[in-house]
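> Handing over data.pdb, PDB, C-alpha atoms.
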```pdb
MODEL        1
ATOM      1  CA  MET A 437     -48.273  -3.079  13.959  1.00  0.00           C
ATOM      2  CA  LYS A 438     -44.923  -4.779  13.425  1.00  0.00           C
ATOM      3  CA  LYS A 439     -42.321  -5.065  16.133  1.00  0.00           C
ATOM      4  CA  PHE A 440     -39.783  -2.221  16.140  1.00  0.00           C
ATOM      5  CA  SER A 441     -36.123  -3.136  15.634  1.00  0.00           C
ATOM      6  CA  THR A 442     -33.321  -0.633  16.170  1.00  0.00           C
ATOM      7  CA  LYS A 443     -31.035  -2.658  13.912  1.00  0.00           C
ATOM      8  CA  GLN A 444     -33.539  -2.694  11.053  1.00  0.00           C
ATOM      9  CA  PHE A 445     -34.181   1.023  11.526  1.00  0.00           C
ATOM     10  CA  TYR A 446     -30.426   1.721  11.381  1.00  0.00           C
ATOM     11  CA  LEU A 447     -29.996  -0.425   8.267  1.00  0.00           C
ATOM     12  CA  LYS A 448     -32.826   1.439   6.533  1.00  0.00           C
ATOM     13  CA  LEU A 449     -31.288   4.812   7.405  1.00  0.00           C
ATOM     14  CA  ARG A 450     -27.793   3.777   6.347  1.00  0.00           C
ATOM     15  CA  GLY A 451     -28.823   2.324   3.025  1.00  0.00           C
ATOM     16  CA  THR A 452     -27.008  -0.330   1.048  1.00  0.00           C
ATOM     17  CA  PHE A 453     -23.523   0.084  -0.297  1.00  0.00           C
ATOM     18  CA  GLN A 454     -21.668  -2.079  -2.723  1.00  0.00           C
ATOM     19  CA  LYS A 455     -18.585  -3.686  -1.180  1.00  0.00           C
ATOM     20  CA  VAL A 456     -15.286  -2.727  -2.753  1.00  0.00           C
ATOM     21  CA  ALA A 457     -13.250  -5.612  -4.118  1.00  0.00           C
ATOM     22  CA  TRP A 458     -10.022  -4.620  -2.357  1.00  0.00           C
ATOM     23  CA  ARG A 459     -11.555  -4.604   1.136  1.00  0.00           C
ATOM     24  CA  LYS A 460      -9.775  -7.834   2.132  1.00  0.00           C
ATOM     25  CA  LEU A 461      -6.412  -6.198   1.495  1.00  0.00           C
ATOM     26  CA  MET A 462      -7.331  -3.651   4.173  1.00  0.00           C
ATOM     27  CA  CYS A 463      -9.517  -5.508   6.655  1.00  0.00           C
ATOM     28  CA  ASN A 464      -7.344  -8.601   7.020  1.00  0.00           C
ATOM     29  CA  ASN A 465      -4.126  -6.603   7.147  1.00  0.00           C
ATOM     30  CA  GLN A 466      -2.012  -6.820  10.310  1.00  0.00           C
ATOM     31  CA  GLY A 467      -0.018  -3.704   9.419  1.00  0.00           C
ATOM     32  CA  LEU A 468       0.070  -0.460  11.328  1.00  0.00           C
ATOM     33  CA  PRO A 469      -3.036   1.711  11.026  1.00  0.00           C
ATOM     34  CA  LYS A 470      -1.057   4.487   9.315  1.00  0.00           C
ATOM     35  CA  TRP A 471       0.059   2.028   6.596  1.00  0.00           C
ATOM     36  CA  ILE A 472      -3.484   0.833   6.024  1.00  0.00           C
ATOM     37  CA  PHE A 473      -4.816   4.408   6.006  1.00  0.00           C
ATOM     38  CA  ILE A 474      -2.414   5.458   3.228  1.00  0.00           C
ATOM     39  CA  LEU A 475      -3.132   2.220   1.327  1.00  0.00           C
ATOM     40  CA  ARG A 476      -6.853   2.933   1.580  1.00  0.00           C
ATOM     41  CA  LEU A 477      -6.391   6.507   0.331  1.00  0.00           C
ATOM     42  CA  ALA A 478      -4.319   5.173  -2.571  1.00  0.00           C
ATOM     43  CA  ALA A 479      -6.931   2.527  -3.415  1.00  0.00           C
ATOM     44  CA  LEU A 480      -9.623   5.219  -3.389  1.00  0.00           C
ATOM     45  CA  GLY A 481      -7.438   7.529  -5.517  1.00  0.00           C
ATOM     46  CA  ARG A 482      -7.441  10.252  -2.856  1.00  0.00           C
ATOM     47  CA  LEU A 483      -3.714  10.902  -2.391  1.00  0.00           C
ATOM     48  CA  TYR A 484      -2.651  14.399  -3.435  1.00  0.00           C
ATOM     49  CA  THR A 485      -0.349  13.490  -6.292  1.00  0.00           C
ATOM     50  CA  LYS A 486       0.985  16.186  -8.609  1.00  0.00           C
ATOM     51  CA  ASP A 487      -1.515  15.429 -11.360  1.00  0.00           C
ATOM     52  CA  ARG A 488      -4.404  16.123  -8.961  1.00  0.00           C
ATOM     53  CA  LEU A 489      -2.726  19.259  -7.635  1.00  0.00           C
ATOM     54  CA  PHE A 490      -2.122  20.452 -11.208  1.00  0.00           C
ATOM     55  CA  LYS A 491      -5.812  20.046 -12.068  1.00  0.00           C
ATOM     56  CA  TRP A 492      -6.679  22.244  -9.090  1.00  0.00           C
ATOM     57  CA  GLY A 493      -4.082  24.844 -10.090  1.00  0.00           C
ATOM     58  CA  VAL A 494      -1.960  24.326  -6.966  1.00  0.00           C
ATOM     59  CA  THR A 495       1.261  23.356  -8.762  1.00  0.00           C
ATOM     60  CA  GLN A 496       2.759  23.872 -12.193  1.00  0.00           C
ATOM     61  CA  ASP A 497       5.301  21.042 -12.039  1.00  0.00           C
ATOM     62  CA  GLN A 498       3.931  17.557 -12.739  1.00  0.00           C
ATOM     63  CA  PHE A 499       7.159  15.571 -12.927  1.00  0.00           C
ATOM     64  CA  CYS A 500       7.707  12.658 -10.579  1.00  0.00           C
ATOM     65  CA  LEU A 501      10.325  13.431  -7.943  1.00  0.00           C
ATOM     66  CA  LEU A 502      11.301   9.776  -7.664  1.00  0.00           C
ATOM     67  CA  CYS A 503      12.323   9.214 -11.288  1.00  0.00           C
ATOM     68  CA  GLY A 504      12.059  12.670 -12.875  1.00  0.00           C
ATOM     69  CA  GLN A 505      10.934  11.146 -16.181  1.00  0.00           C
ATOM     70  CA  ASP A 506       7.148  11.054 -16.206  1.00  0.00           C
ATOM     71  CA  HIS A 507       4.162  12.907 -14.788  1.00  0.00           C
ATOM     72  CA  GLU A 508       3.397  11.969 -11.213  1.00  0.00           C
ATOM     73  CA  SER A 509       0.044  10.257 -10.916  1.00  0.00           C
ATOM     74  CA  LEU A 510      -1.237   7.527  -8.657  1.00  0.00           C
ATOM     75  CA  ALA A 511      -0.810   4.959 -11.426  1.00  0.00           C
ATOM     76  CA  HIS A 512       2.754   6.116 -12.075  1.00  0.00           C
ATOM     77  CA  LEU A 513       3.853   6.482  -8.468  1.00  0.00           C
ATOM     78  CA  PHE A 514       2.714   2.969  -7.456  1.00  0.00           C
ATOM     79  CA  PHE A 515       4.526   0.896  -9.160  1.00  0.00           C
ATOM     80  CA  THR A 516       5.358   1.964 -12.711  1.00  0.00           C
ATOM     81  CA  CYS A 517       7.841   4.650 -11.696  1.00  0.00           C
ATOM     82  CA  GLU A 518      11.340   3.350 -12.393  1.00  0.00           C
ATOM     83  CA  THR A 519      12.403   3.847  -8.775  1.00  0.00           C
ATOM     84  CA  THR A 520       9.348   2.290  -7.156  1.00  0.00           C
ATOM     85  CA  ALA A 521       9.330  -0.559  -9.692  1.00  0.00           C
ATOM     86  CA  GLN A 522      12.870  -1.475  -8.622  1.00  0.00           C
ATOM     87  CA  LEU A 523      11.876  -1.285  -4.963  1.00  0.00           C
ATOM     88  CA  TRP A 524       8.713  -3.345  -5.479  1.00  0.00           C
ATOM     89  CA  LYS A 525      10.563  -5.976  -7.535  1.00  0.00           C
ATOM     90  CA  LYS A 526      13.160  -6.273  -4.774  1.00  0.00           C
ATOM     91  CA  LEU A 527      10.441  -6.679  -2.127  1.00  0.00           C
ATOM     92  CA  LEU A 528       8.484  -9.201  -4.196  1.00  0.00           C
ATOM     93  CA  ASN A 529      11.637 -11.259  -4.750  1.00  0.00           C
ATOM     94  CA  TRP A 530      12.276 -11.093  -1.011  1.00  0.00           C
ATOM     95  CA  ILE A 531       9.002 -12.906  -0.274  1.00  0.00           C
ATOM     96  CA  GLY A 532       9.440 -15.323  -3.177  1.00  0.00           C
ATOM     97  CA  VAL A 533       7.079 -13.792  -5.740  1.00  0.00           C
ATOM     98  CA  THR A 534       8.868 -13.931  -9.063  1.00  0.00           C
ATOM     99  CA  ARG A 535       7.081 -11.507 -11.330  1.00  0.00           C
ATOM    100  CA  ASN A 536       7.609  -7.979 -12.541  1.00  0.00           C
ATOM    101  CA  PRO A 537       5.785  -5.056 -10.955  1.00  0.00           C
ATOM    102  CA  MET A 538       2.507  -4.140 -12.613  1.00  0.00           C
ATOM    103  CA  VAL A 539       0.443  -0.976 -12.791  1.00  0.00           C
ATOM    104  CA  TRP A 540      -1.415   0.048  -9.632  1.00  0.00           C
ATOM    105  CA  GLU A 541      -4.812  -1.377 -10.584  1.00  0.00           C
ATOM    106  CA  ASP A 542      -3.271  -4.703 -11.628  1.00  0.00           C
ATOM    107  CA  GLU A 543      -1.297  -4.910  -8.371  1.00  0.00           C
ATOM    108  CA  LEU A 544      -4.525  -4.485  -6.412  1.00  0.00           C
ATOM    109  CA  GLN A 545      -6.214  -7.107  -8.584  1.00  0.00           C
ATOM    110  CA  TRP A 546      -3.301  -9.531  -8.128  1.00  0.00           C
ATOM    111  CA  GLY A 547      -3.411  -8.960  -4.380  1.00  0.00           C
ATOM    112  CA  MET A 548      -7.136  -9.627  -4.264  1.00  0.00           C
ATOM    113  CA  GLN A 549      -6.681 -12.912  -6.125  1.00  0.00           C
ATOM    114  CA  HIS A 550      -3.519 -14.244  -4.481  1.00  0.00           C
ATOM    115  CA  ALA A 551      -3.404 -12.699  -1.017  1.00  0.00           C
ATOM    116  CA  SER A 552      -6.915 -13.014   0.340  1.00  0.00           C
ATOM    117  CA  GLY A 553      -6.268 -16.246   2.244  1.00  0.00           C
ATOM    118  CA  SER A 554      -4.815 -16.896   5.674  1.00  0.00           C
ATOM    119  CA  SER A 555      -1.477 -18.372   4.606  1.00  0.00           C
ATOM    120  CA  SER A 556       1.739 -16.818   5.879  1.00  0.00           C
ATOM    121  CA  ARG A 557       2.655 -15.636   2.399  1.00  0.00           C
ATOM    122  CA  ALA A 558      -0.750 -13.979   1.914  1.00  0.00           C
ATOM    123  CA  GLU A 559      -0.582 -12.206   5.266  1.00  0.00           C
ATOM    124  CA  VAL A 560       2.949 -10.982   4.621  1.00  0.00           C
ATOM    125  CA  TYR A 561       2.008  -9.831   1.096  1.00  0.00           C
ATOM    126  CA  ARG A 562      -0.931  -7.785   2.407  1.00  0.00           C
ATOM    127  CA  MET A 563       1.303  -6.181   4.990  1.00  0.00           C
ATOM    128  CA  LEU A 564       4.097  -5.693   2.445  1.00  0.00           C
ATOM    129  CA  LEU A 565       1.739  -3.904   0.067  1.00  0.00           C
ATOM    130  CA  ALA A 566       0.575  -1.551   2.825  1.00  0.00           C
ATOM    131  CA  VAL A 567       4.041  -0.769   4.167  1.00  0.00           C
ATOM    132  CA  ALA A 568       5.542  -0.351   0.673  1.00  0.00           C
ATOM    133  CA  VAL A 569       2.825   2.100  -0.386  1.00  0.00           C
ATOM    134  CA  TYR A 570       3.293   3.974   2.886  1.00  0.00           C
ATOM    135  CA  HIS A 571       7.075   4.219   2.533  1.00  0.00           C
ATOM    136  CA  VAL A 572       6.916   5.203  -1.142  1.00  0.00           C
ATOM    137  CA  TRP A 573       4.462   7.954  -0.219  1.00  0.00           C
ATOM    138  CA  MET A 574       6.688   9.068   2.666  1.00  0.00           C
ATOM    139  CA  GLU A 575       9.785   9.092   0.409  1.00  0.00           C
ATOM    140  CA  ARG A 576       7.873  11.154  -2.125  1.00  0.00           C
ATOM    141  CA  ASN A 577       6.854  13.614   0.602  1.00  0.00           C
ATOM    142  CA  TYR A 578      10.400  13.631   1.966  1.00  0.00           C
ATOM    143  CA  ARG A 579      11.634  14.757  -1.446  1.00  0.00           C
ATOM    144  CA  VAL A 580       8.840  17.313  -1.876  1.00  0.00           C
ATOM    145  CA  PHE A 581       9.056  18.990   1.526  1.00  0.00           C
ATOM    146  CA  GLN A 582      12.685  18.515   2.543  1.00  0.00           C
ATOM    147  CA  GLY A 583      14.403  18.355  -0.846  1.00  0.00           C
ATOM    148  CA  LYS A 584      16.406  15.267   0.141  1.00  0.00           C
ATOM    149  CA  GLN A 585      16.337  11.779  -1.304  1.00  0.00           C
ATOM    150  CA  GLN A 586      17.225   8.291  -0.140  1.00  0.00           C
ATOM    151  CA  SER A 587      18.400   5.300  -2.136  1.00  0.00           C
ATOM    152  CA  ILE A 588      16.209   2.263  -2.769  1.00  0.00           C
ATOM    153  CA  GLU A 589      18.213   0.221  -0.263  1.00  0.00           C
ATOM    154  CA  VAL A 590      17.630   2.796   2.472  1.00  0.00           C
ATOM    155  CA  VAL A 591      13.879   2.732   1.759  1.00  0.00           C
ATOM    156  CA  ALA A 592      13.729  -1.095   1.557  1.00  0.00           C
ATOM    157  CA  ARG A 593      15.471  -1.858   4.850  1.00  0.00           C
ATOM    158  CA  PRO A 594      12.899  -0.364   7.239  1.00  0.00           C
ATOM    159  CA  ILE A 595      10.108  -1.996   5.219  1.00  0.00           C
ATOM    160  CA  VAL A 596      11.593  -5.456   5.730  1.00  0.00           C
ATOM    161  CA  GLN A 597      12.540  -4.788   9.339  1.00  0.00           C
ATOM    162  CA  GLU A 598       9.074  -3.511  10.211  1.00  0.00           C
ATOM    163  CA  ILE A 599       7.464  -6.594   8.691  1.00  0.00           C
ATOM    164  CA  HIS A 600       9.827  -8.832  10.643  1.00  0.00           C
ATOM    165  CA  PHE A 601       9.056  -6.917  13.813  1.00  0.00           C
ATOM    166  CA  ARG A 602       5.251  -6.855  13.325  1.00  0.00           C
ATOM    167  CA  ASP A 603       5.025 -10.550  12.487  1.00  0.00           C
ATOM    168  CA  SER A 604       7.588 -11.900  14.944  1.00  0.00           C
ATOM    169  CA  MET A 605       4.806 -12.357  17.524  1.00  0.00           C
ATOM    170  CA  LYS A 606       2.838 -14.766  15.341  1.00  0.00           C
ATOM    171  CA  VAL A 607       4.353 -18.234  15.465  1.00  0.00           C
ATOM    172  CA  LYS A 608       3.067 -19.382  12.067  1.00  0.00           C
ATOM    173  CA  ILE A 609       4.357 -16.320  10.227  1.00  0.00           C
ATOM    174  CA  ALA A 610       7.545 -15.997  12.302  1.00  0.00           C
ATOM    175  CA  LYS A 611       8.685 -19.451  11.190  1.00  0.00           C
ATOM    176  CA  TRP A 612       8.187 -18.539   7.544  1.00  0.00           C
ATOM    177  CA  LEU A 613       9.903 -15.158   8.007  1.00  0.00           C
ATOM    178  CA  GLU A 614      12.953 -16.839   9.558  1.00  0.00           C
ATOM    179  CA  SER A 615      13.769 -18.261   6.148  1.00  0.00           C
ATOM    180  CA  LEU A 616      13.794 -14.749   4.657  1.00  0.00           C
ATOM    181  CA  ASN A 617      16.681 -12.329   4.859  1.00  0.00           C
ATOM    182  CA  TYR A 618      16.442  -9.183   6.991  1.00  0.00           C
ATOM    183  CA  TYR A 619      18.139  -7.190   4.240  1.00  0.00           C
ATOM    184  CA  PRO A 620      16.884  -8.086   0.756  1.00  0.00           C
ATOM    185  CA  ALA A 621      19.492  -7.920  -1.985  1.00  0.00           C
TER     186      ALA A 621
ENDMDL
END
```
For the structure just supplied, provide its representation as structure tokens.

Amino acid sequence: MKKFSTKQFYLKLRGTFQKVAWRKLMCNNQGLPKWIFILRLAALGRLYTKDRLFKWGVTQDQFCLLCGQDHESLAHLFFTCETTAQLWKKLLNWIGVTRNPMVWEDELQWGMQHASGSSSRAEVYRMLLAVAVYHVWMERNYRVFQGKQQSIEVVARPIVQEIHFRDSMKVKIAKWLESLNYYPA
């Protein structure tokens, strides 16, 4: 008889799962847990956007509350919506990434390729992605449930300030963040 191993028994019961490619954007992220939770739901396609609610018969209106021009879907909301594209472009320029916003899947792919390391820029990008997705989702919910809206500048300021605050404790990242503005133009 072979020797019993609790670990091997557990691994047999659990089974094998394929690792998702975007796991490093979540696991190595120093952001708040609520940011990472919303980012994870977005990456899994589990946020209750209007297109999903329409399929279930919960809502009749599918238009995006941020731009009012297209149907609200996960791909539209993050970052092809005119409003969120402007916000994301402003935030990318703030950290020195000079490119236009891409569709959601391409943003995740770009993040997996360029922000999986331990450099200051990579760590800030991972956190920026999480906090931007969180704040876009919160702005969307703010417009849905309270009927009020905020400008891009009002949404961008707390994003930048929260990143400065979260990373001010890390010497390596704090030095790099000192060169960045607290209020991106």
> Quick check on the file I pasted: which residues fall under the PyMOL selection byres ((chain A and resi 524-537) around 7)? Write them as a list of chain:residue names.
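Here the PyMOL selection byres ((chain A and resi 524-537) around 7) matches A:Phe515, A:Thr520, A:Ala521, A:Gln522, A:Leu523, A:Met538, A:Val539, A:Leu616, A:Pro620.
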> Selection in question (the file shown): the PyMOL selection byres ((chain A and resi 591-594) around 8). Which residues does it include, as a PyMOL selection string?
chain A and resi 523+527+571-572+575+586-590+595-598+618-620
> Care to translate the PyMOL selection byres ((chain A and resi 549) around 12) into actual residues of this file, as a VMD selection string?
chain A and resid 457 to 458 460 to 461 542 to 548 550 to 553 558 561 to 562
> Can you pull out every residue within 9 Å of A:Asn465, counting all atoms listed in the file, but drop anything in the same chain fewer than 5 positions away, and send it as an MDAnalysis selection string?
chainID A and resid 460 472 559:560 562:563 566
> Could the residues in this selection be saved with C-alpha atoms as a CSV table (one decimal), keeping the file's coordinate frame?

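Listed below is the output, selection35.csv:
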```csv
chain,number,residue,atom,x,y,z
A,460,LYS,CA,-9.8,-7.8,2.1
A,472,ILE,CA,-3.5,0.8,6.0
A,559,GLU,CA,-0.6,-12.2,5.3
A,560,VAL,CA,2.9,-11.0,4.6
A,562,ARG,CA,-0.9,-7.8,2.4
A,563,MET,CA,1.3,-6.2,5.0
A,566,ALA,CA,0.6,-1.6,2.8
```
> Determine the nearest neighbour of A:Pro469 from the options A:Val456, A:Cys517, A:Val567, A:Leu483, counting all atoms listed in the file.
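Result for the nearest residue to A:Pro469: A:Val567.
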> What does the structure give for the distance between atom CA of A:Thr516 and atom CA of A:Trp540, in Å to one decimal?
7.7 Å
> Can you work out which one of A:Phe473, A:Phe453, A:Phe601, A:Tyr484 has the shortest atom-to-atom distance to A:Glu508, counting all atoms listed in the file?
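The answer is A:Tyr484, which sits nearest to A:Glu508.
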